[in-house]
There are 2 protein chains.
Amino acid sequence: MANLSDITVSASINSLSAFIFLVAFAILRLQPMNDRVYFPKWYLKGIRENPSTAGPLVKHFVNLDVRMYIKFLNWIPAALKMPELELIQHAGLDSAVYIRIYLLGLKIFFPIAFLAFGVLLPVNYTGGNFSIMSLRMKDLTFEEIDKFSISNVPPASKRLVAHIIMAYVFTFWTCYVLYKEYKIVTDMRLNFLASQNRRPDQFTVLVRNVPADPDESVSEHVEHFFRVNHPGQYLTHKVVYNANKLAKLVGQKKDLHNRLIYYTNKYDRKPNKRPTTKTGFWGLWGKKIDAINYYTEEIEKLSKEEVAERERVINDPEAVVPAAFVSFKSRWGAAVCAQTQQTRNPTRWLTEWAPEPRDVYWNNLAIPFVELNVRKLVMALALFGLIFCFMIPIAIVQTLANIESIERVLPLLKPLIEKGSTKSFIQGYLPGMVLKVFLLVLPMILMEMSKMEGYVAVSDLEARSAAKYYLFLLVNVFLGSIVTGTALQQLKAFLNKSASEIPRTVGVSVPMKATFFITYIMVDGWAGVAAEVLRLFPLIMYHLKNIFLVKTEKDRDEAMDPGSLQWPITEPRLQLYFLLGLVYSTVTPILLPFIIVFFAFAYLIFRHQIINVYNQKYESAASFWPDVNRRILIGLMISQFTLLGLLSTKRAANSTPVLLVLPVLTFSFHKFCKNRFESAFRKFPLQDAMIKDTLERATEPQLDLKEYLKDAYTHPVFKGGEVALMDIEEDDDEFHLVATKRTSRKGSQVGTSDGSPEDRTGIYAV
Amino acid sequence: MANLSDITVSASINSLSAFIFLVAFAILRLQPMNDRVYFPKWYLKGIRENPSTAGPLVKHFVNLDVRMYIKFLNWIPAALKMPELELIQHAGLDSAVYIRIYLLGLKIFFPIAFLAFGVLLPVNYTGGNFSIMSLRMKDLTFEEIDKFSISNVPPASKRLVAHIIMAYVFTFWTCYVLYKEYKIVTDMRLNFLASQNRRPDQFTVLVRNVPADPDESVSEHVEHFFRVNHPGQYLTHKVVYNANKLAKLVGQKKDLHNRLIYYTNKYDRKPNKRPTTKTGFWGLWGKKIDAINYYTEEIEKLSKEEVAERERVINDPEAVVPAAFVSFKSRWGAAVCAQTQQTRNPTRWLTEWAPEPRDVYWNNLAIPFVELNVRKLVMALALFGLIFCFMIPIAIVQTLANIESIERVLPLLKPLIEKGSTKSFIQGYLPGMVLKVFLLVLPMILMEMSKMEGYVAVSDLEARSAAKYYLFLLVNVFLGSIVTGTALQQLKAFLNKSASEIPRTVGVSVPMKATFFITYIMVDGWAGVAAEVLRLFPLIMYHLKNIFLVKTEKDRDEAMDPGSLQWPITEPRLQLYFLLGLVYSTVTPILLPFIIVFFAFAYLIFRHQIINVYNQKYESAASFWPDVNRRILIGLMISQFTLLGLLSTKRAANSTPVLLVLPVLTFSFHKFCKNRFESAFRKFPLQDAMIKDTLERATEPQLDLKEYLKDAYTHPVFKGGEVALMDIEEDDDEFHLVATKRTSRKGSQVGTSDGSPEDRTGIYAV
């Protein structure tokens, strides 16, 4: 535990590093050569062009205009300038609502901090758990920060009433703000959905587990079923192919293409020397051969294989999975079909809203119902294992990664390792590195686990990953820091404790960990967010690609990596701040300003990023909000149980029933929110569908919906690519193969959220 | 704890009392004067007439045919003779499926008992926890029944493996039987629904929380909304009146009528003396007056009041509640409307399947959404209080009901009370009586609580009451017997114990309570079920009514009280036997035969009762089965945790992980069942609706559905009664009042389950 001056030092260091990141960002973003790293969104929108080529060559890469450097901080007002409505048009509703979470943090914690500083801080400080005499005597050892915390209030003191009242006030305030925010977000979502242009998914339902029929193909069966049971509404459908292998081949070919380009570029630069490569793994060993010839041949070979596979997928009835995208003549028809049960057996003809075409996760469409259940069970057990036993494999790897075992496996390296500096590095950093690498890889592991659970939309996968990551952070970071020891040890300890003792254990150690969490907020929150804006990794990657791979303007477009919000990582981390803020609001209010600074700073940074950088992969119209709301309420309930446990150790056991009311109220508030708002995020009301349908029928009576929907739900490998690819067109139950040449850009843009042309040339990207 | 001979004695006593009940039943049912008590169902169906009046008068009342008495047990084969399909037609699906629960018990426990006796009993008996030497020495004190229980196996014995294997076998067997049964019941339900005749609820949706509209009445608003949002499907609708006060007046009038009849009968019998009554409460005190004149006047007064109230309800727009029954042109249209969300705000225009007309609980239709949430929360807290603190008010009443306080309140009774026998009766029995009365009244209290929660169908109310009662029995009978002390003390004890200690505590005391539960099964199960068939209370009530109230044949019809299955009471009690059987299957298998006898006996009795006696108030098409399945699985999980706790005290802690797999598997089986079957009980698939619609359109193209549905969902007080009542007919948005005279019987029969004429004259009622 640190005292007040320790925290001051830590705050200075972290503020400084955050400041350094910001200055570096302010300078780097002004360099024209980094323009595509810091403003990729505007390039993707086609508004920003390459810097003009007039003037000396150096001006292409470095900004020599001194005036620009003087105003180097004016990205901050620029980031705040764009009004919300325009932000939604520019970056989509998901992003616009996402940054509202930071604003929500400010709305919740600013008044709470105000009250806590006004009421609880004086109460704690004058609590007199330690008399002034004893304070003077132990002046050096006593942690000053504790004087502002509830620890300073003596047991069974009447002063604790203040904390109980404040717990009530904070609960009501949090619920009030959450209610208002939920209402606003719901309205935003519904208005967004209502104002959306025509999109294929509005008319389309995904039907899964089509039962096998001995007399009909899947396609015929689907058509007949929906013609009979949704008469007058059924329009067309698209069967789903199991093109996973084909997609893999296409991916391999793209990889080989990249290498070919790399070697061609190399040859272009030094035409006197043909580049060579080796046949072995990653070109590291094996026979030396001419690289350009080798890769050209390989690509040809793969192309043939691809064509054969494409033929097979299209002609083999086995390649058709028992799922289909069924489109209706109206949004009303699709809404009806998505919300109703089709047949007696609820495991067949399962209908749900089709995800946006770019949101579909194609690999999971073929999983049968029973297998889905087994997969979910297995993954639940695996998650439990991962959360509570993740330290075991880490420890094993750490043991293996010590000097002796490295020397045994790779005796060649022995002289190198035996050097003093290397040795200490391996001994000191390697175990920590292993843990760090695991934590970096963790979101990917969780994503793979979610994929195995069989969800068919990327948005669902991300939501599930976020839920898993939240649980992991809650157990291993929050509880793990408070009740020290690995999660498995904690679990054992908790199992052997009584139900009423658990909050007590947590409650007692919470005030002692306040300084730890303050440091955590500054390192992870302040400096971490500042690092986000610098985009160091994309910056390096872009320049590497630029040097080795880029030949044409299109290549440069592809070298850009705008990234996205990384919802499954950022949201759970963000929730930790809500949890910390709520838990410490009554216990150690001195922590609150650090949280407020984090929320304000992150709001600014992420608003800038979603305006200038991120390119979301899909648009879910803020469908994540129920999760956000629920997790904040979980945090609130944890804070209430913590306070309850803490007070019961302060010989204020009478307070238990009074405080027990709070989680009950919070839980019923959660139920209320669920009833009141959640269906707006899960279902599509018939009235809205009818209004949109009627409007469209009046404004566009000539619309050929069948033509519009024709290719929307075609598997991406059938849609585009550099080489001439085939396209499947379905017409009157027969498949015609039409060889068309499409660029992949065109393919990936089918069905993007809102094609409204953005005609204001980047006035917000200064 | 009792030894083997104690149990033998108890078994003899209870078998004897059960036998006496049965003999009494066998004799009483043969008397013609009791015919309407023991065969009311056949009278209600119109198949059975009064016994022929030929022969001497005494033959009307007493059966003198000796041959009948010889065959007095032949009601047993008669009860088993009716095949299931006919049973469904005769008594409805609810009843037919209900007695399948007893069969299910036999299917589960017969093989389990067989295996347990074959494997576990020898293993336990030769366990040798006590050597033969010690057995001889303590021959008298040692309880022999324990030699067959797991208690006889020494700690850390290898023999415990047998119990673990058996726990797995029993779990898989139970789940297998449950799965098969769930499948059968689902098919029965779907076939029943598919073969059902046309019923108003198939076309009708209940819409609640119609928002207020300043320009339109509720009726207009409903019509416009559904005309727009379900075009082509909307047919008609019926608004709901708040006629609660009117219904009360009608009830009061009926009560006065009964009294008038009573006094008229009295006068008819003794024409020389006009009967008198007193004006005060229940005619107990006040001025003496002529009874017939008094009640005639009172009824006239009330009739006027009723007419005025009827006028008010119909003309006052305030009396229309924001709810309506909306009917569609097809079952498909109703299925779509019931399953979809209508508007953005999920708290408005809530649609759900309309309950059967006779299943509607009218009083709750007007409760607004927010209030519903508050009511549910309050009732949840009240239920918690009731379960854990019900002993507190009981104890208070018991303290008040002692001799001193009675003497203080009613000094008049002092000389009576001071008599020795009365005193000892009050001191000995009154506290027990108070508890007994509470337990008798409890289901009614729970029903009132469910009503307050605001459910709108009687079937829902009963399901909710059953859930509450099950919880009560689980905590206060099962846990209360095992962990002695009141529920509140248990709760405190459990809160102060660790999570892993709770199953241990339960596990240790479970084997010790085996004999107690065996006695319980015999008293409550054997003798209790035999008492059910005797129908002592309805028998007495019928004869009392017959003497004082019956004048006409119709009066006699009304004096019959066929009763019904009392689902909210019998099912939770029944679940207790499943729980006991599963818990003791591995611990003390000697308990199983008692359970099997109960299930077999109860199956017989209840099959007889549903054929000859009960008249169900509504038909839910076995919609209770998911509850039954879930509760048996809860019992299974409790049994697994109990064994786990028990073994962990037997120094077989290694078994914990092995046994921990079982509840996880059971829980995922529950999830699987829910996914696979439950929606068949909650939703109505579009395909089935479409098939029925198509069939009906082909067979009855001329059907006037609007006419058919006209009066189905009219509040019962507008429908019938002895006096001329009004009826509301709605046509083209205008209300016409049509005074029609209907009999109440006709009204109550609208929409009964299956009007198929039963033309076999009671061959099963011997």
# chains A, B, ... in the order shown; residues from 1 in each chain; ligands from 1
>>> interface_residues(of="chain A", to="chain B", cutoff="7 Å", atoms="only C-alpha atoms", output="VMD selection string")
chain A and resid 229 336 339 to 344 346 to 347 495 to 500 676 to 677 679 to 680 685 to 688 690
>>> residues_around(residues="A:Leu604", least_positions_apart="4", cutoff="7 Å", atoms="only C-alpha atoms", output="PyMOL selection string")
chain A and resi 79+600+608
>>> closest_residue(among="B:Asp268, B:Asp35, B:Glu86, B:Glu462", to="B:Ile611", atoms="only C-alpha atoms")
B:Glu86
>>> residues_around(residues="B:Thr296", least_positions_apart="5", cutoff="12 Å", atoms="only C-alpha atoms", output="PDB file with N, CA, C and O atoms, in the first residue's frame")
ATOM      1  N   LYS B 253     -76.822 -11.260  -4.599  1.00  0.00           N
ATOM      2  CA  LYS B 253     -78.214 -11.591  -4.869  1.00  0.00           C
ATOM      3  C   LYS B 253     -78.428 -13.096  -4.845  1.00  0.00           C
ATOM      4  O   LYS B 253     -79.427 -13.599  -4.325  1.00  0.00           O
ATOM      5  N   LEU B 256     -78.717 -14.252  -1.329  1.00  0.00           N
ATOM      6  CA  LEU B 256     -80.039 -13.965  -0.755  1.00  0.00           C
ATOM      7  C   LEU B 256     -81.080 -14.929  -1.292  1.00  0.00           C
ATOM      8  O   LEU B 256     -81.955 -15.389  -0.561  1.00  0.00           O
ATOM      9  N   HIS B 257     -80.972 -15.238  -2.577  1.00  0.00           N
ATOM     10  CA  HIS B 257     -81.870 -16.200  -3.203  1.00  0.00           C
ATOM     11  C   HIS B 257     -81.841 -17.529  -2.464  1.00  0.00           C
ATOM     12  O   HIS B 257     -82.886 -18.118  -2.175  1.00  0.00           O
ATOM     13  N   ASN B 258     -80.621 -17.993  -2.188  1.00  0.00           N
ATOM     14  CA  ASN B 258     -80.491 -19.268  -1.482  1.00  0.00           C
ATOM     15  C   ASN B 258     -81.231 -19.237  -0.155  1.00  0.00           C
ATOM     16  O   ASN B 258     -81.913 -20.178   0.227  1.00  0.00           O
ATOM     17  N   ARG B 259     -81.071 -18.100   0.568  1.00  0.00           N
ATOM     18  CA  ARG B 259     -81.756 -18.009   1.855  1.00  0.00           C
ATOM     19  C   ARG B 259     -83.263 -18.013   1.696  1.00  0.00           C
ATOM     20  O   ARG B 259     -83.994 -18.658   2.449  1.00  0.00           O
ATOM     21  N   LEU B 260     -83.705 -17.279   0.669  1.00  0.00           N
ATOM     22  CA  LEU B 260     -85.136 -17.233   0.415  1.00  0.00           C
ATOM     23  C   LEU B 260     -85.670 -18.643   0.170  1.00  0.00           C
ATOM     24  O   LEU B 260     -86.708 -19.043   0.728  1.00  0.00           O
ATOM     25  N   ILE B 261     -84.888 -19.402  -0.633  1.00  0.00           N
ATOM     26  CA  ILE B 261     -85.328 -20.768  -0.927  1.00  0.00           C
ATOM     27  C   ILE B 261     -85.389 -21.585   0.354  1.00  0.00           C
ATOM     28  O   ILE B 261     -86.335 -22.337   0.600  1.00  0.00           O
ATOM     29  N   TYR B 263     -85.930 -20.597   3.398  1.00  0.00           N
ATOM     30  CA  TYR B 263     -87.100 -20.281   4.227  1.00  0.00           C
ATOM     31  C   TYR B 263     -88.388 -20.709   3.546  1.00  0.00           C
ATOM     32  O   TYR B 263     -89.337 -21.135   4.198  1.00  0.00           O
ATOM     33  N   THR B 264     -88.462 -20.603   2.232  1.00  0.00           N
ATOM     34  CA  THR B 264     -89.655 -21.061   1.515  1.00  0.00           C
ATOM     35  C   THR B 264     -89.844 -22.550   1.732  1.00  0.00           C
ATOM     36  O   THR B 264     -90.961 -23.031   2.000  1.00  0.00           O
ATOM     37  N   ASP B 290     -90.338 -11.303   9.553  1.00  0.00           N
ATOM     38  CA  ASP B 290     -90.772 -12.394   8.689  1.00  0.00           C
ATOM     39  C   ASP B 290     -89.701 -12.622   7.624  1.00  0.00           C
ATOM     40  O   ASP B 290     -89.334 -11.719   6.866  1.00  0.00           O
ATOM     41  N   ALA B 291     -89.155 -13.838   7.555  1.00  0.00           N
ATOM     42  CA  ALA B 291     -87.982 -14.102   6.723  1.00  0.00           C
ATOM     43  C   ALA B 291     -88.307 -13.989   5.236  1.00  0.00           C
ATOM     44  O   ALA B 291     -87.581 -13.357   4.473  1.00  0.00           O
ATOM     45  N   LYS B 301     -84.589  -4.926  -3.820  1.00  0.00           N
ATOM     46  CA  LYS B 301     -83.722  -3.763  -3.656  1.00  0.00           C
ATOM     47  C   LYS B 301     -82.432  -3.970  -4.443  1.00  0.00           C
ATOM     48  O   LYS B 301     -81.968  -3.118  -5.209  1.00  0.00           O
ATOM     49  N   LEU B 302     -81.842  -5.172  -4.247  1.00  0.00           N
ATOM     50  CA  LEU B 302     -80.569  -5.471  -4.880  1.00  0.00           C
ATOM     51  C   LEU B 302     -80.711  -5.528  -6.399  1.00  0.00           C
ATOM     52  O   LEU B 302     -79.809  -5.123  -7.137  1.00  0.00           O
ATOM     53  N   SER B 303     -81.869  -6.022  -6.851  1.00  0.00           N
ATOM     54  CA  SER B 303     -82.082  -6.104  -8.298  1.00  0.00           C
ATOM     55  C   SER B 303     -82.056  -4.723  -8.917  1.00  0.00           C
ATOM     56  O   SER B 303     -81.451  -4.507  -9.977  1.00  0.00           O
TER      57      SER B 303
END
>>> atom_distance(atom1="atom CA of B:Val205", atom2="atom CA of B:His224")
15.7 Å
